[in-house]
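What follows is final_6.cif (mmCIF, C-alpha atoms).
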```
data_model
loop_
_atom_site.group_PDB
_atom_site.id
_atom_site.type_symbol
_atom_site.label_atom_id
_atom_site.label_comp_id
_atom_site.auth_asym_id
_atom_site.auth_seq_id
_atom_site.Cartn_x
_atom_site.Cartn_y
_atom_site.Cartn_z
ATOM 1 C CA MET A 268 180.139 97.627 164.632
ATOM 2 C CA ASN A 269 178.072 95.196 162.542
ATOM 3 C CA ARG A 270 179.931 92.795 160.252
ATOM 4 C CA GLN A 271 179.180 93.356 156.579
ATOM 5 C CA SER A 272 177.413 90.488 154.818
ATOM 6 C CA LYS A 273 179.625 88.297 152.632
ATOM 7 C CA MET A 274 178.487 87.286 149.164
ATOM 8 C CA ILE A 275 180.366 84.705 147.093
ATOM 9 C CA ILE A 276 179.776 84.325 143.353
ATOM 10 C CA VAL A 277 181.082 81.149 141.739
ATOM 11 C CA GLY A 278 181.813 81.728 138.062
ATOM 12 C CA GLY A 279 182.916 84.726 136.030
ATOM 13 C CA GLY A 280 180.813 84.070 132.957
ATOM 14 C CA PHE A 281 177.796 86.063 131.844
ATOM 15 C CA GLY A 282 175.695 85.146 134.882
ATOM 16 C CA GLY A 283 178.380 85.642 137.513
ATOM 17 C CA LEU A 284 179.683 88.883 136.039
ATOM 18 C CA CYS A 285 176.199 90.317 135.678
ATOM 19 C CA ALA A 286 175.426 89.446 139.308
ATOM 20 C CA ALA A 287 178.645 91.059 140.519
ATOM 21 C CA GLN A 288 177.967 94.262 138.600
ATOM 22 C CA ALA A 289 174.410 94.405 139.911
ATOM 23 C CA LEU A 290 175.799 94.361 143.483
ATOM 24 C CA LYS A 291 178.058 97.344 142.878
ATOM 25 C CA SER A 292 176.237 99.590 145.353
ATOM 26 C CA ALA A 293 174.939 96.892 147.690
ATOM 27 C CA PRO A 294 176.107 96.864 151.322
ATOM 28 C CA VAL A 295 177.913 93.511 150.920
ATOM 29 C CA GLU A 296 181.430 92.186 150.464
ATOM 30 C CA VAL A 297 181.449 90.438 147.098
ATOM 31 C CA THR A 298 183.986 87.764 146.187
ATOM 32 C CA LEU A 299 183.903 86.385 142.638
ATOM 33 C CA ILE A 300 185.729 83.082 142.155
ATOM 34 C CA ASP A 301 186.604 81.566 138.789
ATOM 35 C CA ARG A 302 189.075 78.994 137.435
ATOM 36 C CA ARG A 303 190.253 81.665 135.000
ATOM 37 C CA ASN A 304 191.067 85.275 135.724
ATOM 38 C CA TYR A 305 189.220 86.460 132.630
ATOM 39 C CA HIS A 306 185.682 86.649 131.306
ATOM 40 C CA LEU A 307 185.308 84.763 128.021
ATOM 41 C CA PHE A 308 182.789 85.809 125.380
ATOM 42 C CA GLN A 309 181.905 82.253 124.394
ATOM 43 C CA PRO A 310 179.617 83.048 121.416
ATOM 44 C CA LEU A 311 182.711 84.076 119.439
ATOM 45 C CA LEU A 312 184.823 81.012 120.241
ATOM 46 C CA TYR A 313 184.068 79.637 116.794
ATOM 47 C CA GLN A 314 185.982 82.585 115.332
ATOM 48 C CA ILE A 315 189.014 81.627 117.412
ATOM 49 C CA ALA A 316 188.619 78.060 116.154
ATOM 50 C CA THR A 317 188.601 79.224 112.549
ATOM 51 C CA GLY A 318 191.350 81.835 112.850
ATOM 52 C CA SER A 319 189.242 84.970 112.436
ATOM 53 C CA LEU A 320 190.033 86.300 115.911
ATOM 54 C CA SER A 321 192.785 85.882 118.493
ATOM 55 C CA PRO A 322 191.955 84.747 122.042
ATOM 56 C CA GLY A 323 192.732 88.169 123.506
ATOM 57 C CA GLU A 324 189.961 89.742 121.463
ATOM 58 C CA ILE A 325 187.203 87.823 123.265
ATOM 59 C CA ALA A 326 188.713 87.590 126.757
ATOM 60 C CA ALA A 327 188.546 90.458 129.266
ATOM 61 C CA PRO A 328 190.416 90.354 132.613
ATOM 62 C CA LEU A 329 187.848 90.061 135.398
ATOM 63 C CA ARG A 330 189.841 92.335 137.692
ATOM 64 C CA SER A 331 189.855 95.078 135.079
ATOM 65 C CA VAL A 332 186.135 94.765 134.466
ATOM 66 C CA LEU A 333 185.370 95.001 138.183
ATOM 67 C CA SER A 334 188.251 97.281 139.210
ATOM 68 C CA ARG A 335 185.982 100.235 140.092
ATOM 69 C CA GLN A 336 183.749 98.215 142.393
ATOM 70 C CA GLU A 337 185.242 98.831 145.814
ATOM 71 C CA ASN A 338 183.113 96.148 147.444
ATOM 72 C CA THR A 339 184.237 93.417 145.025
ATOM 73 C CA ARG A 340 187.342 91.267 144.782
ATOM 74 C CA VAL A 341 188.268 88.544 142.284
ATOM 75 C CA LEU A 342 189.970 85.283 143.226
ATOM 76 C CA MET A 343 191.291 82.715 140.783
ATOM 77 C CA GLY A 344 190.583 79.233 142.059
ATOM 78 C CA GLU A 345 188.693 76.046 141.310
ATOM 79 C CA VAL A 346 185.671 75.368 143.508
ATOM 80 C CA GLN A 347 185.743 71.730 144.567
ATOM 81 C CA ASP A 348 182.725 71.610 146.842
ATOM 82 C CA ILE A 349 180.209 73.680 148.755
ATOM 83 C CA ASP A 350 179.250 73.026 152.372
ATOM 84 C CA PRO A 351 175.803 74.587 152.856
ATOM 85 C CA VAL A 352 175.711 73.647 156.545
ATOM 86 C CA SER A 353 178.809 75.587 157.569
ATOM 87 C CA LYS A 354 178.309 77.993 154.650
ATOM 88 C CA ARG A 355 181.771 77.559 153.202
ATOM 89 C CA VAL A 356 183.100 77.249 149.665
ATOM 90 C CA LEU A 357 185.930 74.723 149.424
ATOM 91 C CA LEU A 358 188.653 75.230 146.808
ATOM 92 C CA ALA A 359 190.779 72.570 145.128
ATOM 93 C CA ASP A 360 193.984 73.910 146.731
ATOM 94 C CA GLY A 361 192.550 73.329 150.220
ATOM 95 C CA ALA A 362 191.462 76.886 150.947
ATOM 96 C CA SER A 363 187.940 77.627 152.123
ATOM 97 C CA LEU A 364 185.867 80.799 152.185
ATOM 98 C CA GLU A 365 182.839 81.538 154.302
ATOM 99 C CA TYR A 366 179.728 83.210 152.964
ATOM 100 C CA ASP A 367 176.373 84.547 154.059
ATOM 101 C CA SER A 368 174.897 84.415 150.566
ATOM 102 C CA LEU A 369 175.974 82.368 147.575
ATOM 103 C CA ILE A 370 175.393 82.602 143.824
ATOM 104 C CA VAL A 371 176.440 79.583 141.737
ATOM 105 C CA ALA A 372 176.946 80.530 138.090
ATOM 106 C CA ALA A 373 179.598 78.009 137.110
ATOM 107 C CA GLY A 374 178.237 77.600 133.593
ATOM 108 C CA SER A 375 178.144 74.499 131.442
ATOM 109 C CA GLN A 376 180.497 71.951 129.951
ATOM 110 C CA SER A 377 180.367 69.717 126.901
ATOM 111 C CA PHE A 378 178.306 66.551 127.225
ATOM 112 C CA TYR A 379 179.106 63.403 125.252
ATOM 113 C CA TYR A 380 176.096 61.426 126.457
ATOM 114 C CA GLY A 381 178.187 58.912 128.344
ATOM 115 C CA HIS A 382 180.830 58.484 125.629
ATOM 116 C CA GLU A 383 183.745 60.408 127.125
ATOM 117 C CA SER A 384 186.205 58.478 124.947
ATOM 118 C CA TRP A 385 184.874 60.466 121.971
ATOM 119 C CA ARG A 386 186.363 63.657 123.430
ATOM 120 C CA GLU A 387 189.844 62.611 122.269
ATOM 121 C CA TRP A 388 188.791 62.449 118.611
ATOM 122 C CA ALA A 389 186.034 65.082 118.574
ATOM 123 C CA PRO A 390 186.983 68.152 120.633
ATOM 124 C CA SER A 391 184.237 70.476 121.800
ATOM 125 C CA LEU A 392 184.188 74.272 121.792
ATOM 126 C CA LYS A 393 183.793 75.609 125.327
ATOM 127 C CA SER A 394 187.203 77.149 126.072
ATOM 128 C CA VAL A 395 190.090 79.016 124.468
ATOM 129 C CA GLU A 396 192.218 75.881 124.723
ATOM 130 C CA GLU A 397 189.639 73.817 122.854
ATOM 131 C CA ALA A 398 189.228 76.538 120.232
ATOM 132 C CA THR A 399 192.953 76.591 119.487
ATOM 133 C CA THR A 400 192.988 72.782 119.339
ATOM 134 C CA ILE A 401 190.204 72.856 116.743
ATOM 135 C CA ARG A 402 191.982 75.552 114.738
ATOM 136 C CA HIS A 403 195.072 73.354 114.606
ATOM 137 C CA LYS A 404 193.019 70.325 113.509
ATOM 138 C CA ILE A 405 191.314 72.253 110.715
ATOM 139 C CA LEU A 406 194.494 73.763 109.280
ATOM 140 C CA TYR A 407 196.492 70.558 109.738
ATOM 141 C CA ALA A 408 193.871 68.618 107.762
ATOM 142 C CA PHE A 409 194.499 70.744 104.671
ATOM 143 C CA GLU A 410 198.265 70.447 105.122
ATOM 144 C CA ALA A 411 198.049 66.667 105.494
ATOM 145 C CA ALA A 412 195.883 66.370 102.381
ATOM 146 C CA GLU A 413 198.405 68.450 100.414
ATOM 147 C CA ARG A 414 201.201 65.997 101.261
ATOM 148 C CA ILE A 415 199.287 62.796 100.444
ATOM 149 C CA SER A 416 200.264 61.472 97.035
ATOM 150 C CA ASP A 417 197.387 58.997 96.749
ATOM 151 C CA PRO A 418 194.250 60.950 95.707
ATOM 152 C CA ALA A 419 192.038 58.184 97.104
ATOM 153 C CA LYS A 420 193.244 58.923 100.638
ATOM 154 C CA ARG A 421 192.676 62.678 100.499
ATOM 155 C CA PRO A 422 188.878 62.831 100.909
ATOM 156 C CA ALA A 423 189.037 61.671 104.546
ATOM 157 C CA TRP A 424 191.337 64.589 105.359
ATOM 158 C CA LEU A 425 189.141 67.015 103.442
ATOM 159 C CA THR A 426 185.969 65.935 105.221
ATOM 160 C CA PHE A 427 184.961 68.055 108.220
ATOM 161 C CA VAL A 428 182.092 66.864 110.392
ATOM 162 C CA ILE A 429 180.368 68.971 113.033
ATOM 163 C CA VAL A 430 178.126 66.961 115.347
ATOM 164 C CA GLY A 431 175.308 69.134 116.663
ATOM 165 C CA ALA A 432 173.306 71.696 114.689
ATOM 166 C CA GLY A 433 172.688 74.217 117.440
ATOM 167 C CA PRO A 434 174.064 77.781 117.257
ATOM 168 C CA THR A 435 177.677 76.675 117.787
ATOM 169 C CA GLY A 436 177.499 73.957 115.148
ATOM 170 C CA VAL A 437 175.814 76.192 112.585
ATOM 171 C CA GLU A 438 178.322 79.025 113.061
ATOM 172 C CA LEU A 439 181.288 76.662 112.980
ATOM 173 C CA ALA A 440 180.114 74.861 109.833
ATOM 174 C CA GLY A 441 179.643 78.154 108.012
ATOM 175 C CA ALA A 442 183.050 79.467 109.091
ATOM 176 C CA ILE A 443 184.868 76.302 107.981
ATOM 177 C CA ALA A 444 183.082 76.501 104.626
ATOM 178 C CA GLU A 445 184.301 80.066 104.170
ATOM 179 C CA ILE A 446 187.864 78.980 104.966
ATOM 180 C CA ALA A 447 187.723 76.225 102.370
ATOM 181 C CA ARG A 448 185.859 78.152 99.662
ATOM 182 C CA GLN A 449 187.499 81.535 100.090
ATOM 183 C CA THR A 450 190.440 81.936 102.485
ATOM 184 C CA LEU A 451 192.495 78.927 101.343
ATOM 185 C CA LYS A 452 191.167 78.626 97.813
ATOM 186 C CA HIS A 453 194.427 79.595 96.085
ATOM 187 C CA ASP A 454 196.969 78.524 98.716
ATOM 188 C CA PHE A 455 197.620 74.893 97.700
ATOM 189 C CA ARG A 456 198.940 73.135 94.595
ATOM 190 C CA SER A 457 197.989 69.462 95.024
ATOM 191 C CA ILE A 458 194.515 69.901 96.478
ATOM 192 C CA HIS A 459 191.511 72.123 95.902
ATOM 193 C CA PRO A 460 190.300 73.309 99.346
ATOM 194 C CA GLU A 461 186.973 74.402 97.876
ATOM 195 C CA GLU A 462 186.199 70.726 97.226
ATOM 196 C CA ALA A 463 186.255 69.934 100.953
ATOM 197 C CA GLN A 464 183.126 68.365 102.419
ATOM 198 C CA ILE A 465 181.692 70.207 105.409
ATOM 199 C CA ILE A 466 178.977 68.137 107.021
ATOM 200 C CA LEU A 467 176.698 69.387 109.798
ATOM 201 C CA MET A 468 174.688 66.618 111.436
ATOM 202 C CA ASP A 469 172.117 66.343 114.198
ATOM 203 C CA GLY A 470 169.611 63.860 115.551
ATOM 204 C CA ALA A 471 166.872 66.498 115.457
ATOM 205 C CA PRO A 472 164.725 66.916 112.333
ATOM 206 C CA ARG A 473 166.169 70.386 111.584
ATOM 207 C CA VAL A 474 168.970 72.757 112.473
ATOM 208 C CA LEU A 475 168.645 75.183 115.402
ATOM 209 C CA PRO A 476 165.892 73.216 117.230
ATOM 210 C CA PRO A 477 165.369 75.882 119.963
ATOM 211 C CA PHE A 478 164.749 78.622 117.394
ATOM 212 C CA PRO A 479 161.605 79.410 115.371
ATOM 213 C CA GLU A 480 161.213 77.224 112.306
ATOM 214 C CA ASP A 481 161.450 80.083 109.800
ATOM 215 C CA LEU A 482 164.832 81.141 111.199
ATOM 216 C CA ALA A 483 166.042 77.548 111.118
ATOM 217 C CA GLU A 484 165.021 77.226 107.473
ATOM 218 C CA LYS A 485 166.827 80.468 106.620
ATOM 219 C CA ALA A 486 169.967 79.226 108.365
ATOM 220 C CA ALA A 487 169.820 75.921 106.483
ATOM 221 C CA ARG A 488 169.506 77.748 103.151
ATOM 222 C CA SER A 489 172.458 79.975 104.001
ATOM 223 C CA LEU A 490 174.568 76.945 104.890
ATOM 224 C CA GLY A 491 173.575 75.294 101.631
ATOM 225 C CA LYS A 492 174.789 78.318 99.657
ATOM 226 C CA LEU A 493 178.144 77.986 101.404
ATOM 227 C CA GLY A 494 178.362 74.348 100.397
ATOM 228 C CA VAL A 495 177.627 72.845 103.809
ATOM 229 C CA GLN A 496 175.841 69.488 103.752
ATOM 230 C CA VAL A 497 173.158 69.445 106.438
ATOM 231 C CA LYS A 498 172.191 65.947 107.609
ATOM 232 C CA THR A 499 169.446 65.684 110.225
ATOM 233 C CA GLY A 500 167.581 62.833 111.865
ATOM 234 C CA LEU A 501 170.631 60.670 112.449
ATOM 235 C CA MET A 502 172.495 59.510 115.531
ATOM 236 C CA VAL A 503 176.204 59.100 116.148
ATOM 237 C CA LYS A 504 177.007 55.587 117.349
ATOM 238 C CA ASP A 505 180.782 55.846 117.579
ATOM 239 C CA ILE A 506 183.692 58.220 116.929
ATOM 240 C CA ASP A 507 187.314 57.180 116.518
ATOM 241 C CA LYS A 508 190.544 58.375 114.950
ATOM 242 C CA GLU A 509 189.383 57.517 111.432
ATOM 243 C CA GLY A 510 185.850 58.919 111.492
ATOM 244 C CA LEU A 511 182.287 58.195 112.651
ATOM 245 C CA THR A 512 179.701 55.453 112.711
ATOM 246 C CA ILE A 513 176.215 56.893 112.261
ATOM 247 C CA GLN A 514 172.688 55.518 112.206
ATOM 248 C CA ASN A 515 169.655 56.791 110.299
ATOM 249 C CA HIS A 516 166.534 55.277 108.778
ATOM 250 C CA ASP A 517 168.699 53.435 106.234
ATOM 251 C CA GLY A 518 170.688 51.664 108.921
ATOM 252 C CA ILE A 519 174.228 52.036 110.229
ATOM 253 C CA ASN A 520 176.839 53.665 108.006
ATOM 254 C CA ARG A 521 180.485 54.585 108.242
ATOM 255 C CA LEU A 522 181.862 58.047 107.415
ATOM 256 C CA GLU A 523 185.602 58.531 107.063
ATOM 257 C CA ALA A 524 186.616 61.946 108.408
ATOM 258 C CA ARG A 525 189.836 62.984 110.103
ATOM 259 C CA THR A 526 188.312 66.156 111.532
ATOM 260 C CA VAL A 527 185.277 65.758 113.781
ATOM 261 C CA ILE A 528 184.108 68.567 116.055
ATOM 262 C CA TRP A 529 181.612 68.073 118.858
ATOM 263 C CA ALA A 530 178.801 70.594 119.299
ATOM 264 C CA GLY A 531 176.259 68.003 120.315
ATOM 265 C CA GLY A 532 175.270 69.020 123.804
ATOM 266 C CA VAL A 533 176.132 70.601 127.138
ATOM 267 C CA THR A 534 175.517 69.770 130.753
ATOM 268 C CA VAL A 535 175.966 71.589 134.051
ATOM 269 C CA PHE A 536 179.411 72.149 135.465
ATOM 270 C CA GLY A 537 179.173 70.401 138.829
ATOM 271 C CA VAL A 538 180.632 72.243 141.825
ATOM 272 C CA GLY A 539 179.681 69.884 144.630
ATOM 273 C CA LYS A 540 177.144 67.138 145.188
ATOM 274 C CA ASP A 541 175.045 69.122 147.674
ATOM 275 C CA SER A 542 174.518 72.022 145.300
ATOM 276 C CA ARG A 543 174.306 70.143 141.988
ATOM 277 C CA GLU A 544 170.589 69.433 142.052
ATOM 278 C CA ALA A 545 169.670 73.069 142.676
ATOM 279 C CA TYR A 546 172.176 74.215 140.082
ATOM 280 C CA GLU A 547 170.754 71.901 137.430
ATOM 281 C CA CYS A 548 167.333 73.476 137.878
ATOM 282 C CA GLY A 549 168.716 76.948 137.322
ATOM 283 C CA ASP A 550 170.917 75.933 134.400
ATOM 284 C CA ARG A 551 168.398 73.865 132.461
ATOM 285 C CA GLN A 552 167.028 76.914 130.635
ATOM 286 C CA ASN A 553 170.504 77.750 129.321
ATOM 287 C CA ARG A 554 171.446 74.330 127.894
ATOM 288 C CA SER A 555 170.555 75.340 124.357
ATOM 289 C CA ASN A 556 173.241 78.027 124.452
#
```
Is it possible to express this structure as structure tokens?
Amino acid sequence: MNRQSKMIIVGGGFGGLCAAQALKSAPVEVTLIDRRNYHLFQPLLYQIATGSLSPGEIAAPLRSVLSRQENTRVLMGEVQDIDPVSKRVLLADGASLEYDSLIVAAGSQSFYYGHESWREWAPSLKSVEEATTIRHKILYAFEAAERISDPAKRPAWLTFVIVGAGPTGVELAGAIAEIARQTLKHDFRSIHPEEAQIILMDGAPRVLPPFPEDLAEKAARSLGKLGVQVKTGLMVKDIDKEGLTIQNHDGINRLEARTVIWAGGVTVFGVGKDSREAYECGDRQNRSN
């Protein structure tokens, strides 16, 4: 009796899940491996970060999604490396799985352009955990401002900066503006949430660089109506607990802001040095997402 071919899919995101579903009737044994046991609809993470949705509303258990595919199983594990010579996937807990064919769809992770220390003060938005961290930072900023008796110290707490004007940054800036201008408008006594500064900044000359210019202009106008300040053509030089140092054509300036959120870039999620180069080629087209 011939052994059935073994297919391993690394990653349960859009790419990995789509590949698994496409192999539903194929004569192969499919194993999907992911660090989480759920598929996350990342485009709506900003709504978790701003309190509009709960995590369970954008996360679907991978086993439930693939439960009717008899040739497919789901394993929760972190892929540490891939050995293409022996055709084995090595997991962080020491386990290894052999394969005949391999699909690497591990997705992307936030990229701080060599400044990993910024991650502590400017969380990104790539996971449920990060989304809940951001939600806490946003709501805590209003609470902290309410308790400060010195009006001169409040603006830093009521300044929200989003670094990166791609789709995530644009959506997040608009959602924070709606929180300040509408949701929390009447909830405080010492502060006026609608006076909060929401600043969206990017080094590119306009928002949504990958999109057509007319759509980018429409998005910028919509943000303006919500009270978002769009600042383009500037570069972040440093981020710390108190705020940011930025550079534009006028020179280097300091911006005090207790809430900074990073939406400035993504890079590949490495799963082994031997496969990274090939993976980068396949992932490059998706970096704008």
Exercise. Go through A:Phe478, A:Phe427, A:Phe281, A:Trp385 one by one, measure the shortest atom-to-atom distance of each to Ala463 in chain A using all atoms listed in the file, and give the residue with the smallest value.
Key: A:Phe427
Would you kindly translate the PyMOL selection byres ((chain A and resi 325-340) around 10) into the concrete residues it picks from this file, as a PDB file with C-alpha atoms, in the frame of the given file?
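Result file follows (part33.pdb):
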```
ATOM      1  CA  MET A 274     178.487  87.286 149.164  1.00  0.00           C
ATOM      2  CA  ILE A 275     180.366  84.705 147.093  1.00  0.00           C
ATOM      3  CA  GLY A 279     182.916  84.726 136.030  1.00  0.00           C
ATOM      4  CA  GLY A 280     180.813  84.070 132.957  1.00  0.00           C
ATOM      5  CA  LEU A 284     179.683  88.883 136.039  1.00  0.00           C
ATOM      6  CA  ALA A 287     178.645  91.059 140.519  1.00  0.00           C
ATOM      7  CA  GLN A 288     177.967  94.262 138.600  1.00  0.00           C
ATOM      8  CA  LEU A 290     175.799  94.361 143.483  1.00  0.00           C
ATOM      9  CA  LYS A 291     178.058  97.344 142.878  1.00  0.00           C
ATOM     10  CA  SER A 292     176.237  99.590 145.353  1.00  0.00           C
ATOM     11  CA  ALA A 293     174.939  96.892 147.690  1.00  0.00           C
ATOM     12  CA  PRO A 294     176.107  96.864 151.322  1.00  0.00           C
ATOM     13  CA  VAL A 295     177.913  93.511 150.920  1.00  0.00           C
ATOM     14  CA  GLU A 296     181.430  92.186 150.464  1.00  0.00           C
ATOM     15  CA  VAL A 297     181.449  90.438 147.098  1.00  0.00           C
ATOM     16  CA  THR A 298     183.986  87.764 146.187  1.00  0.00           C
ATOM     17  CA  LEU A 299     183.903  86.385 142.638  1.00  0.00           C
ATOM     18  CA  ILE A 300     185.729  83.082 142.155  1.00  0.00           C
ATOM     19  CA  ASP A 301     186.604  81.566 138.789  1.00  0.00           C
ATOM     20  CA  ARG A 303     190.253  81.665 135.000  1.00  0.00           C
ATOM     21  CA  ASN A 304     191.067  85.275 135.724  1.00  0.00           C
ATOM     22  CA  TYR A 305     189.220  86.460 132.630  1.00  0.00           C
ATOM     23  CA  HIS A 306     185.682  86.649 131.306  1.00  0.00           C
ATOM     24  CA  LEU A 307     185.308  84.763 128.021  1.00  0.00           C
ATOM     25  CA  PHE A 308     182.789  85.809 125.380  1.00  0.00           C
ATOM     26  CA  GLN A 309     181.905  82.253 124.394  1.00  0.00           C
ATOM     27  CA  PRO A 310     179.617  83.048 121.416  1.00  0.00           C
ATOM     28  CA  LEU A 311     182.711  84.076 119.439  1.00  0.00           C
ATOM     29  CA  LEU A 312     184.823  81.012 120.241  1.00  0.00           C
ATOM     30  CA  GLN A 314     185.982  82.585 115.332  1.00  0.00           C
ATOM     31  CA  ILE A 315     189.014  81.627 117.412  1.00  0.00           C
ATOM     32  CA  LEU A 320     190.033  86.300 115.911  1.00  0.00           C
ATOM     33  CA  SER A 321     192.785  85.882 118.493  1.00  0.00           C
ATOM     34  CA  PRO A 322     191.955  84.747 122.042  1.00  0.00           C
ATOM     35  CA  GLY A 323     192.732  88.169 123.506  1.00  0.00           C
ATOM     36  CA  GLU A 324     189.961  89.742 121.463  1.00  0.00           C
ATOM     37  CA  VAL A 341     188.268  88.544 142.284  1.00  0.00           C
ATOM     38  CA  LEU A 342     189.970  85.283 143.226  1.00  0.00           C
ATOM     39  CA  MET A 343     191.291  82.715 140.783  1.00  0.00           C
ATOM     40  CA  VAL A 395     190.090  79.016 124.468  1.00  0.00           C
TER      41      VAL A 395
END
```
Quiz item: Which distance in Å separates CA of Leu501 in chain A and CA of Arg402 in chain A, to one decimal?
Solution: 26.1 Å
Exercise. Skip range 387-393 of chain A itself and residues of its chain fewer than 3 positions away, then list as a PyMOL selection string all residues within 10 Å of it, counting only C-alpha atoms.
Key: chain A and resi 307+309-310+312-313+315-316+375-379+383-384+396-401+404+428-430+435-436+439+506-511+525-533
Practice problem: Check which residues satisfy the PyMOL selection byres ((chain A and resi 363) around 12) in the file shown, then give them as a VMD selection string. | Solution: chain A and resid 275 300 342 344 to 350 353 to 362 364 to 366
Quiz item: Can you tell me, as a ChimeraX atom specification, what residues are no more than 6 Å from Lys452 in chain A when counting only C-alpha atoms, ignoring any on the same chain fewer than 4 positions away?
Solution: /A:448,460-461
Self-check item: Hits of the PyMOL selection byres ((chain A and resi 465) around 10) in this structure, as number ranges by chain
Solution: A: 425-429, 439-441, 443-444, 447, 462-464, 466-468, 490, 493-497, 526
Quiz prompt | Nearest residue to Arg456 in chain A from the set A:Leu482, A:Val535, A:Ile415, A:Ile276 (distances using all atoms listed in the file) | solution = A:Ile415
Quiz item: Distance CA of Leu522 in chain A-CA of Glu480 in chain A, one decimal place?
Solution: 28.6 Å
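Proximity to Gly470 in chain A was assessed for A:Ile370, A:Gln449, A:Thr499, A:Ile458 counting all atoms listed in the file; the smallest distance is recorded for A:Thr499.
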Practice problem: Have a look at CA of Thr317 in chain A and CA of Tyr407 in chain A and let me know their distance in Å, one decimal. | Solution: 12.1 Å
Practice problem: Tell me, as a VMD selection string, which residues lie within 7 Å of Val503 in chain A, counting all atoms listed in the file; anything in the same chain fewer than 6 positions away does not count. | Solution: chain A and resid 512 to 514
Take the residues from that selection and write them out as a PDB file, in the frame of the given file, keeping C-alpha atoms.
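The resulting again_20.pdb:
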```
ATOM      1  CA  THR A 512     179.701  55.453 112.711  1.00  0.00           C
ATOM      2  CA  ILE A 513     176.215  56.893 112.261  1.00  0.00           C
ATOM      3  CA  GLN A 514     172.688  55.518 112.206  1.00  0.00           C
TER       4      GLN A 514
END
```
